[in-house]
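Just below is one structure, and these are the notes that go with it.
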Amino acid sequence: MGDITRLSAAALADKLSSGEVSAVEATQAHLDRIAAVDGGLNAFLHVSDHALDVAKSIDERRSAGERLGPLAGVPLAIKDVLVTTDMPSTSGSRILEGYMSPFDATVVARSRAAGLVPLGKTNMDEFAMGSSTEHSAYGPTRNPWDLERIPGGSGGGSAAAVAAFEVPLALGSDTGGSIRQPAHVTGTVGVKPTYGAVSRYGAIALASSLDQVGPVSRTVLDAGLLQDVIQGHDPFDSTSLTDAWPSMADAARDGARGDVLKGLRVGVVREFTGDGFQPGVKSRFDEALAVLAQNGAEIVEVQAPHFEYAVAAYYLILPAEASSNLAKYDSVRFGMRVTPPGGGTVEQVMAATREAGLGPEVKRRIILGTYALSAGYYDAYYGSAQKVRTLIQQDFANAFERADVLVSPSAPTTAFRFGEKLDDPMAMYLNDVTTIPANLAGVPGISVPVGLAPDDGLPVGIQFMAPAREDARLYRVGAALEALLERQWGGPLLSQAPTLEGAN
Amino acid sequence: MSEISEEQVAHLANLARIELTGDEIARLTGELDQIVDSIAKVQEVATPEVVATSHPIPLSNVYRPDVVGETLTAEQALQNAPEQADGRFKVSAILGEEQ
């Protein structure tokens, strides 16, 4: 039967539906893998104690003849930003330690309904603020390719869990690159859907106009299968789009045949080709473009003159929204309460609680957001940032007149070492220079592995972006490139990753 | 350079209800100064004729039927409360002794 944990979600789903593998066997194999390697990785904050019971009930329903969804019995990891009724949800913060949600996030409820088996909650930077998981209150996650390096962030736990074969699929959230940048540094696939394509209900809010939930996987098809489960209108999220979405899995299967590249106009964003990109990232990116061109794509250069202002606008809009979203951690209705010695008024208790319960990056952004929104500064900072948002949307609109998809490296460098950027907030913020524009404009983006950087042997991803609502185009193009590259490599990139045996 | 002072950071921390230590205020003052210097560049292109965007994909009039939906029970709502009494959230004192 081989090692179940090495199978893609699609391949595992086939074996589950044919009866070759049971959901209990699949779940046990992944729990064993977690037990074997997660001590060294710290991808999981919590591992479910009843996943086998869930798997057993799937097997029973299947053997009773019930028609189950395509992913029934496939294990799933859930980023801790998504609330779950049966496991704690902390969003990586001490202030929510032990928090048990009275309801499931919509994406979690849909995943359960589709028969996916939740294995646990994955580590993340506190409240999704960070690009390395070093800001998690529960210790960083390590990159399976090199345990001394970061797995990306904020969703480093989900990406590392998938890369280390602890689970074939995970849910993530992407506010400025938190799905795509971890995918880039771990050699995995990550998709940020169109804003509003996937419900945010039950996603612990960071910046509500930027947050989007999406799939994390090892293959483009697997991501499509998971997006098919979670996408679609949700009346509990008033920003949820009412569109009827096509099957992203079908788009990926269609794309893997390769015809989609013929005549496809691929726009290289000129602003993301210059200095500041590691040579090894640049060379793998250029090679991927050459593969696209050899297979019929037309490579054009597009200009997006305002993208250079995206990081600045983002670090005004995000802290502004976060400072107000995080006001709810007030020691009254849920979460930590710290009473100062000798007692205190509710305001003093609140201030003591937030001092004790929030980490340095969260405090930094709350103070920054409070500053950007204060009287006298509002127009100069927050108001200006909202105007830049308009300019970036116009840049996208102009670029998409000349190109069907836009491309860039998914991040400027490969995985960096722990501590390298921790004391320099601006250096950390610049990790997301290529991913932030998509969040500001609401357009979808995907990161697909394109090889290992020749200068350090670490994974590199390419980012494709499409106009809003054109998520299926990303799956087609991403799957086409993936198929061509895997043919070149003789298998998936992750087959070259360290096995992690003895990592504990 | 922007001109963020320690007094200003202490004031912001008070508004945000975070009891920062003196060390934290000192460190944050330096960091915020550097961050604000970098992000102030949005002003270069945010000219008066550009309209502001608050939401990536604008929707209007998102309503639902005015009927009672599924709600949490009082027990569920209280399940994470740091302190509760008589089926309600128990809050720390609102007023101090001198008020």
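Scheme for the structure tokens: letters A, B, ... for chains in order shown; per-chain residue numbers from 1; ligand numbers from 1 in order shown.
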
Please tabulate, as JSON lines, the residues of chain B that come within 8 Å of chain A, each with its closest pair of atoms and the distance in Å to one decimal, counting only C-alpha atoms and ordering rows by chain, then residue number upward.
```
{"residue": "B:Val9", "atom": "CA", "partner": "A:Ile367", "partner_atom": "CA", "distance": 7.4}
{"residue": "B:Leu12", "atom": "CA", "partner": "A:Ile367", "partner_atom": "CA", "distance": 6.1}
{"residue": "B:Ala13", "atom": "CA", "partner": "A:Ile367", "partner_atom": "CA", "distance": 6.3}
{"residue": "B:Asn14", "atom": "CA", "partner": "A:Ala351", "partner_atom": "CA", "distance": 7.8}
{"residue": "B:Leu15", "atom": "CA", "partner": "A:Thr370", "partner_atom": "CA", "distance": 7.7}
{"residue": "B:Ala16", "atom": "CA", "partner": "A:Thr370", "partner_atom": "CA", "distance": 6.9}
{"residue": "B:Arg17", "atom": "CA", "partner": "A:Ala351", "partner_atom": "CA", "distance": 4.4}
{"residue": "B:Ile18", "atom": "CA", "partner": "A:Ala351", "partner_atom": "CA", "distance": 4.3}
{"residue": "B:Glu19", "atom": "CA", "partner": "A:Ala351", "partner_atom": "CA", "distance": 4.8}
{"residue": "B:Leu20", "atom": "CA", "partner": "A:Glu355", "partner_atom": "CA", "distance": 6.1}
{"residue": "B:Leu28", "atom": "CA", "partner": "A:Arg364", "partner_atom": "CA", "distance": 6.8}
{"residue": "B:Glu31", "atom": "CA", "partner": "A:Pro425", "partner_atom": "CA", "distance": 7.7}
{"residue": "B:Leu32", "atom": "CA", "partner": "A:Leu368", "partner_atom": "CA", "distance": 6.9}
{"residue": "B:Ile35", "atom": "CA", "partner": "A:Met426", "partner_atom": "CA", "distance": 6.5}
{"residue": "B:Ser38", "atom": "CA", "partner": "A:Ala312", "partner_atom": "CA", "distance": 6.8}
{"residue": "B:Ile39", "atom": "CA", "partner": "A:Ala312", "partner_atom": "CA", "distance": 4.1}
{"residue": "B:Ala40", "atom": "CA", "partner": "A:Tyr381", "partner_atom": "CA", "distance": 6.8}
{"residue": "B:Lys41", "atom": "CA", "partner": "A:Ala312", "partner_atom": "CA", "distance": 6.9}
{"residue": "B:Val42", "atom": "CA", "partner": "A:Ser384", "partner_atom": "CA", "distance": 5.9}
{"residue": "B:Gln43", "atom": "CA", "partner": "A:Ser384", "partner_atom": "CA", "distance": 5.8}
{"residue": "B:Val45", "atom": "CA", "partner": "A:Val388", "partner_atom": "CA", "distance": 7.1}
{"residue": "B:Ala46", "atom": "CA", "partner": "A:Ser384", "partner_atom": "CA", "distance": 5.1}
{"residue": "B:Val50", "atom": "CA", "partner": "A:Lys387", "partner_atom": "CA", "distance": 5.9}
{"residue": "B:Val51", "atom": "CA", "partner": "A:Lys387", "partner_atom": "CA", "distance": 5.8}
{"residue": "B:Ala52", "atom": "CA", "partner": "A:Lys387", "partner_atom": "CA", "distance": 4.2}
{"residue": "B:Thr53", "atom": "CA", "partner": "A:Gln386", "partner_atom": "CA", "distance": 5.1}
{"residue": "B:Ser54", "atom": "CA", "partner": "A:Gln386", "partner_atom": "CA", "distance": 6.1}
{"residue": "B:His55", "atom": "CA", "partner": "A:Ser209", "partner_atom": "CA", "distance": 5.7}
{"residue": "B:Pro56", "atom": "CA", "partner": "A:Gly442", "partner_atom": "CA", "distance": 4.9}
{"residue": "B:Ile57", "atom": "CA", "partner": "A:Gly442", "partner_atom": "CA", "distance": 6.5}
{"residue": "B:Leu59", "atom": "CA", "partner": "A:Thr239", "partner_atom": "CA", "distance": 7.1}
{"residue": "B:Val62", "atom": "CA", "partner": "A:Ser238", "partner_atom": "CA", "distance": 6.2}
{"residue": "B:Arg64", "atom": "CA", "partner": "A:Pro235", "partner_atom": "CA", "distance": 7.6}
{"residue": "B:Leu72", "atom": "CA", "partner": "A:Pro102", "partner_atom": "CA", "distance": 7.5}
{"residue": "B:Gln76", "atom": "CA", "partner": "A:Pro102", "partner_atom": "CA", "distance": 5.8}
{"residue": "B:Ala77", "atom": "CA", "partner": "A:Pro102", "partner_atom": "CA", "distance": 7.4}
{"residue": "B:Leu78", "atom": "CA", "partner": "A:Arg333", "partner_atom": "CA", "distance": 7.2}
{"residue": "B:Gln79", "atom": "CA", "partner": "A:Pro102", "partner_atom": "CA", "distance": 7.8}
{"residue": "B:Asn80", "atom": "CA", "partner": "A:Phe334", "partner_atom": "CA", "distance": 4.7}
{"residue": "B:Ala81", "atom": "CA", "partner": "A:Phe334", "partner_atom": "CA", "distance": 4.5}
{"residue": "B:Pro82", "atom": "CA", "partner": "A:Phe334", "partner_atom": "CA", "distance": 6.0}
{"residue": "B:Glu83", "atom": "CA", "partner": "A:Val332", "partner_atom": "CA", "distance": 7.9}
{"residue": "B:Phe89", "atom": "CA", "partner": "A:Arg333", "partner_atom": "CA", "distance": 6.4}
{"residue": "B:Lys90", "atom": "CA", "partner": "A:Val332", "partner_atom": "CA", "distance": 7.5}
{"residue": "B:Val91", "atom": "CA", "partner": "A:Val332", "partner_atom": "CA", "distance": 6.0}
{"residue": "B:Ser92", "atom": "CA", "partner": "A:Val346", "partner_atom": "CA", "distance": 4.7}
{"residue": "B:Ala93", "atom": "CA", "partner": "A:Thr345", "partner_atom": "CA", "distance": 4.8}
{"residue": "B:Ile94", "atom": "CA", "partner": "A:Thr345", "partner_atom": "CA", "distance": 5.4}
{"residue": "B:Leu95", "atom": "CA", "partner": "A:Thr345", "partner_atom": "CA", "distance": 6.0}
{"residue": "B:Gly96", "atom": "CA", "partner": "A:Thr345", "partner_atom": "CA", "distance": 5.7}
```

Suppose we keep C-alpha atoms; can you now write the selection as a PDB file, in the first residue's frame?
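Final output, part.pdb:
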```
ATOM      1  CA  VAL B   9       3.254  56.623  22.792  1.00  0.00           C
ATOM      2  CA  LEU B  12      -1.699  56.049  22.606  1.00  0.00           C
ATOM      3  CA  ALA B  13      -1.145  53.077  24.914  1.00  0.00           C
ATOM      4  CA  ASN B  14      -3.622  54.580  27.344  1.00  0.00           C
ATOM      5  CA  LEU B  15      -6.173  55.037  24.541  1.00  0.00           C
ATOM      6  CA  ALA B  16      -5.584  51.433  23.444  1.00  0.00           C
ATOM      7  CA  ARG B  17      -5.806  50.218  27.069  1.00  0.00           C
ATOM      8  CA  ILE B  18      -2.392  48.566  27.218  1.00  0.00           C
ATOM      9  CA  GLU B  19      -0.367  49.103  30.391  1.00  0.00           C
ATOM     10  CA  LEU B  20       3.009  49.326  28.630  1.00  0.00           C
ATOM     11  CA  LEU B  28       8.172  51.415  20.675  1.00  0.00           C
ATOM     12  CA  GLU B  31      10.361  51.667  16.246  1.00  0.00           C
ATOM     13  CA  LEU B  32       7.255  53.694  15.470  1.00  0.00           C
ATOM     14  CA  ILE B  35       7.936  52.710  10.686  1.00  0.00           C
ATOM     15  CA  SER B  38       8.648  54.530   5.880  1.00  0.00           C
ATOM     16  CA  ILE B  39       4.892  54.495   5.539  1.00  0.00           C
ATOM     17  CA  ALA B  40       4.446  58.261   5.272  1.00  0.00           C
ATOM     18  CA  LYS B  41       5.365  57.868   1.585  1.00  0.00           C
ATOM     19  CA  VAL B  42       1.665  57.178   0.855  1.00  0.00           C
ATOM     20  CA  GLN B  43       1.280  60.959   0.955  1.00  0.00           C
ATOM     21  CA  VAL B  45       0.698  59.973  -4.460  1.00  0.00           C
ATOM     22  CA  ALA B  46      -2.474  60.498  -2.394  1.00  0.00           C
ATOM     23  CA  VAL B  50      -7.906  60.418  -5.911  1.00  0.00           C
ATOM     24  CA  VAL B  51     -10.943  58.871  -4.253  1.00  0.00           C
ATOM     25  CA  ALA B  52     -10.479  56.651  -1.220  1.00  0.00           C
ATOM     26  CA  THR B  53     -11.239  52.914  -1.264  1.00  0.00           C
ATOM     27  CA  SER B  54     -12.303  51.295   1.975  1.00  0.00           C
ATOM     28  CA  HIS B  55     -13.352  47.914   0.670  1.00  0.00           C
ATOM     29  CA  PRO B  56     -11.849  45.794  -2.121  1.00  0.00           C
ATOM     30  CA  ILE B  57     -15.115  44.622  -3.655  1.00  0.00           C
ATOM     31  CA  LEU B  59     -21.306  45.627  -1.924  1.00  0.00           C
ATOM     32  CA  VAL B  62     -26.597  43.503   2.375  1.00  0.00           C
ATOM     33  CA  ARG B  64     -31.204  39.453   5.713  1.00  0.00           C
ATOM     34  CA  LEU B  72     -26.202  31.224  21.313  1.00  0.00           C
ATOM     35  CA  GLN B  76     -22.778  29.156  25.492  1.00  0.00           C
ATOM     36  CA  ALA B  77     -22.274  32.911  25.582  1.00  0.00           C
ATOM     37  CA  LEU B  78     -20.884  32.647  29.103  1.00  0.00           C
ATOM     38  CA  GLN B  79     -18.748  29.569  28.572  1.00  0.00           C
ATOM     39  CA  ASN B  80     -15.510  31.568  28.157  1.00  0.00           C
ATOM     40  CA  ALA B  81     -16.251  34.322  30.649  1.00  0.00           C
ATOM     41  CA  PRO B  82     -13.355  35.048  33.031  1.00  0.00           C
ATOM     42  CA  GLU B  83     -15.938  35.560  35.765  1.00  0.00           C
ATOM     43  CA  PHE B  89     -20.806  38.451  32.901  1.00  0.00           C
ATOM     44  CA  LYS B  90     -19.192  39.740  36.067  1.00  0.00           C
ATOM     45  CA  VAL B  91     -17.246  42.916  35.339  1.00  0.00           C
ATOM     46  CA  SER B  92     -14.535  44.539  37.439  1.00  0.00           C
ATOM     47  CA  ALA B  93     -15.540  47.734  39.259  1.00  0.00           C
ATOM     48  CA  ILE B  94     -16.436  50.541  36.863  1.00  0.00           C
ATOM     49  CA  LEU B  95     -15.552  53.366  39.256  1.00  0.00           C
ATOM     50  CA  GLY B  96     -12.475  53.743  41.427  1.00  0.00           C
TER      51      GLY B  96
END
```

Inset, instruction - Write out as an NGL selection string the residues lying within 12 Å of Gln294 (chain A), counting only C-alpha atoms and excluding same-chain residues fewer than 2 positions away. - result: :A and (258 or 261-264 or 287-292 or 296-299 or 481 or 484)

Inset, instruction - Pick out the residues sitting within 8 Å of region 408-413 of chain A, and hand them over as an MDAnalysis selection string; count only C-alpha atoms, and ignore anything fewer than 4 positions along from it in its own chain. - result: chainID A and resid 180:181 184 268:269 272:273 276:278 281:282 285 431:435 447 460:464

Inset, instruction - Would you mind writing down, as a PyMOL selection string, each residue of region 156-285 of chain A that DSSP on the backbone assigns to alpha helix (DSSP H)? - result: chain A and resi 156-163+180-186+220-230+248-256+279-285

Would you mind exporting the chosen residues as a tab-separated table (two decimals), in the first residue's frame, restricted to N, CA and C atoms?
```tsv
chain	number	residue	atom	x	y	z
A	156	GLY	N	2.57	29.67	8.98
A	156	GLY	CA	3.70	28.75	8.89
A	156	GLY	C	3.35	27.35	9.37
A	157	GLY	N	2.44	27.25	10.34
A	157	GLY	CA	2.07	25.94	10.85
A	157	GLY	C	1.35	25.10	9.80
A	158	SER	N	0.38	25.71	9.12
A	158	SER	CA	-0.35	24.98	8.07
A	158	SER	C	0.58	24.56	6.95
A	159	ALA	N	1.47	25.47	6.51
A	159	ALA	CA	2.38	25.16	5.40
A	159	ALA	C	3.37	24.07	5.79
A	160	ALA	N	3.93	24.18	7.01
A	160	ALA	CA	4.90	23.18	7.45
A	160	ALA	C	4.24	21.81	7.62
A	161	ALA	N	3.00	21.79	8.14
A	161	ALA	CA	2.30	20.52	8.35
A	161	ALA	C	2.09	19.80	7.02
A	162	VAL	N	1.73	20.58	6.00
A	162	VAL	CA	1.50	20.00	4.68
A	162	VAL	C	2.83	19.57	4.05
A	163	ALA	N	3.87	20.42	4.18
A	163	ALA	CA	5.18	20.11	3.58
A	163	ALA	C	5.82	18.89	4.23
A	180	ARG	N	0.33	32.58	0.92
A	180	ARG	CA	1.22	32.45	-0.24
A	180	ARG	C	2.70	32.48	0.13
A	181	GLN	N	3.10	33.32	1.08
A	181	GLN	CA	4.52	33.39	1.45
A	181	GLN	C	4.98	32.11	2.16
A	182	PRO	N	4.19	31.54	3.09
A	182	PRO	CA	4.58	30.24	3.65
A	182	PRO	C	4.66	29.14	2.58
A	183	ALA	N	3.76	29.19	1.59
A	183	ALA	CA	3.82	28.21	0.50
A	183	ALA	C	5.16	28.34	-0.23
A	184	HIS	N	5.55	29.55	-0.50
A	184	HIS	CA	6.82	29.84	-1.20
A	184	HIS	C	8.01	29.24	-0.45
A	185	VAL	N	8.09	29.47	0.85
A	185	VAL	CA	9.29	29.04	1.59
A	185	VAL	C	9.26	27.56	1.99
A	186	THR	N	8.12	26.89	1.80
A	186	THR	CA	8.06	25.47	2.17
A	186	THR	C	7.86	24.55	0.96
A	220	VAL	N	-1.77	21.69	-6.85
A	220	VAL	CA	-2.78	22.67	-7.26
A	220	VAL	C	-4.17	22.01	-7.26
A	221	LEU	N	-4.23	20.77	-7.73
A	221	LEU	CA	-5.53	20.07	-7.73
A	221	LEU	C	-6.08	19.93	-6.31
A	222	ASP	N	-5.22	19.58	-5.36
A	222	ASP	CA	-5.68	19.43	-3.97
A	222	ASP	C	-6.24	20.75	-3.43
A	223	ALA	N	-5.55	21.85	-3.76
A	223	ALA	CA	-6.06	23.16	-3.32
A	223	ALA	C	-7.44	23.41	-3.92
A	224	GLY	N	-7.60	23.04	-5.20
A	224	GLY	CA	-8.89	23.23	-5.87
A	224	GLY	C	-10.00	22.40	-5.22
A	225	LEU	N	-9.65	21.16	-4.86
A	225	LEU	CA	-10.65	20.30	-4.20
A	225	LEU	C	-11.11	20.93	-2.89
A	226	LEU	N	-10.17	21.53	-2.15
A	226	LEU	CA	-10.54	22.14	-0.87
A	226	LEU	C	-11.29	23.46	-1.08
A	227	GLN	N	-10.87	24.24	-2.07
A	227	GLN	CA	-11.62	25.49	-2.32
A	227	GLN	C	-13.06	25.17	-2.73
A	228	ASP	N	-13.24	24.08	-3.47
A	228	ASP	CA	-14.61	23.68	-3.84
A	228	ASP	C	-15.48	23.45	-2.60
A	229	VAL	N	-14.86	22.94	-1.54
A	229	VAL	CA	-15.62	22.66	-0.31
A	229	VAL	C	-15.96	23.96	0.43
A	230	ILE	N	-15.01	24.90	0.47
A	230	ILE	CA	-15.20	26.06	1.36
A	230	ILE	C	-15.76	27.30	0.68
A	248	MET	N	-13.10	24.54	-8.87
A	248	MET	CA	-11.67	24.84	-9.00
A	248	MET	C	-10.88	23.55	-9.26
A	249	ALA	N	-11.38	22.42	-8.76
A	249	ALA	CA	-10.72	21.14	-9.04
A	249	ALA	C	-10.82	20.83	-10.54
A	250	ASP	N	-11.99	21.09	-11.13
A	250	ASP	CA	-12.13	20.87	-12.58
A	250	ASP	C	-11.17	21.78	-13.34
A	251	ALA	N	-11.05	23.03	-12.87
A	251	ALA	CA	-10.14	23.97	-13.54
A	251	ALA	C	-8.70	23.44	-13.47
A	252	ALA	N	-8.32	22.90	-12.30
A	252	ALA	CA	-6.95	22.37	-12.15
A	252	ALA	C	-6.73	21.17	-13.07
A	253	ARG	N	-7.72	20.28	-13.15
A	253	ARG	CA	-7.57	19.10	-14.03
A	253	ARG	C	-7.46	19.53	-15.48
A	254	ASP	N	-8.29	20.51	-15.83
A	254	ASP	CA	-8.27	21.05	-17.18
A	254	ASP	C	-6.90	21.67	-17.47
A	255	GLY	N	-6.39	22.44	-16.51
A	255	GLY	CA	-5.12	23.13	-16.71
A	255	GLY	C	-3.95	22.17	-16.85
A	256	ALA	N	-3.99	21.06	-16.12
A	256	ALA	CA	-2.86	20.13	-16.12
A	256	ALA	C	-2.59	19.56	-17.51
A	279	PRO	N	19.16	36.42	-5.87
A	279	PRO	CA	19.49	35.89	-7.21
A	279	PRO	C	18.90	34.50	-7.48
A	280	GLY	N	18.92	33.63	-6.46
A	280	GLY	CA	18.41	32.28	-6.66
A	280	GLY	C	16.90	32.26	-6.85
A	281	VAL	N	16.20	33.21	-6.25
A	281	VAL	CA	14.75	33.33	-6.44
A	281	VAL	C	14.49	33.82	-7.86
A	282	LYS	N	15.28	34.82	-8.25
A	282	LYS	CA	15.14	35.42	-9.57
A	282	LYS	C	15.40	34.38	-10.67
A	283	SER	N	16.44	33.55	-10.51
A	283	SER	CA	16.78	32.63	-11.59
A	283	SER	C	15.71	31.55	-11.75
A	284	ARG	N	15.18	31.03	-10.64
A	284	ARG	CA	14.11	30.02	-10.77
A	284	ARG	C	12.84	30.65	-11.36
A	285	PHE	N	12.58	31.88	-10.98
A	285	PHE	CA	11.42	32.60	-11.53
A	285	PHE	C	11.57	32.76	-13.05
```

In region 56-94 of chain B, what's strand (DSSP E or B) per DSSP? Answer as a PDB file with C-alpha atoms, in the first residue's frame?
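That gives us out.pdb:
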```pdb
ATOM      1  CA  GLN B  84     -19.702  35.159  35.869  1.00  0.00           C
ATOM      2  CA  ALA B  85     -22.502  35.383  38.381  1.00  0.00           C
ATOM      3  CA  ARG B  88     -24.302  37.195  33.620  1.00  0.00           C
ATOM      4  CA  PHE B  89     -20.806  38.451  32.901  1.00  0.00           C
ATOM      5  CA  ALA B  93     -15.540  47.734  39.259  1.00  0.00           C
TER       6      ALA B  93
END
```

Legend entry - Length of the CA of Gly39 (chain A) to CA of Gly202 (chain A) vector [Å]: 28.5 Å

Inset, instruction - Using CA of Gly445 (chain A) and CA of Val213 (chain A) as the two end points, give the distance in Å to one decimal. - result: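 Between these atoms lies a distance of 12.0 Å.
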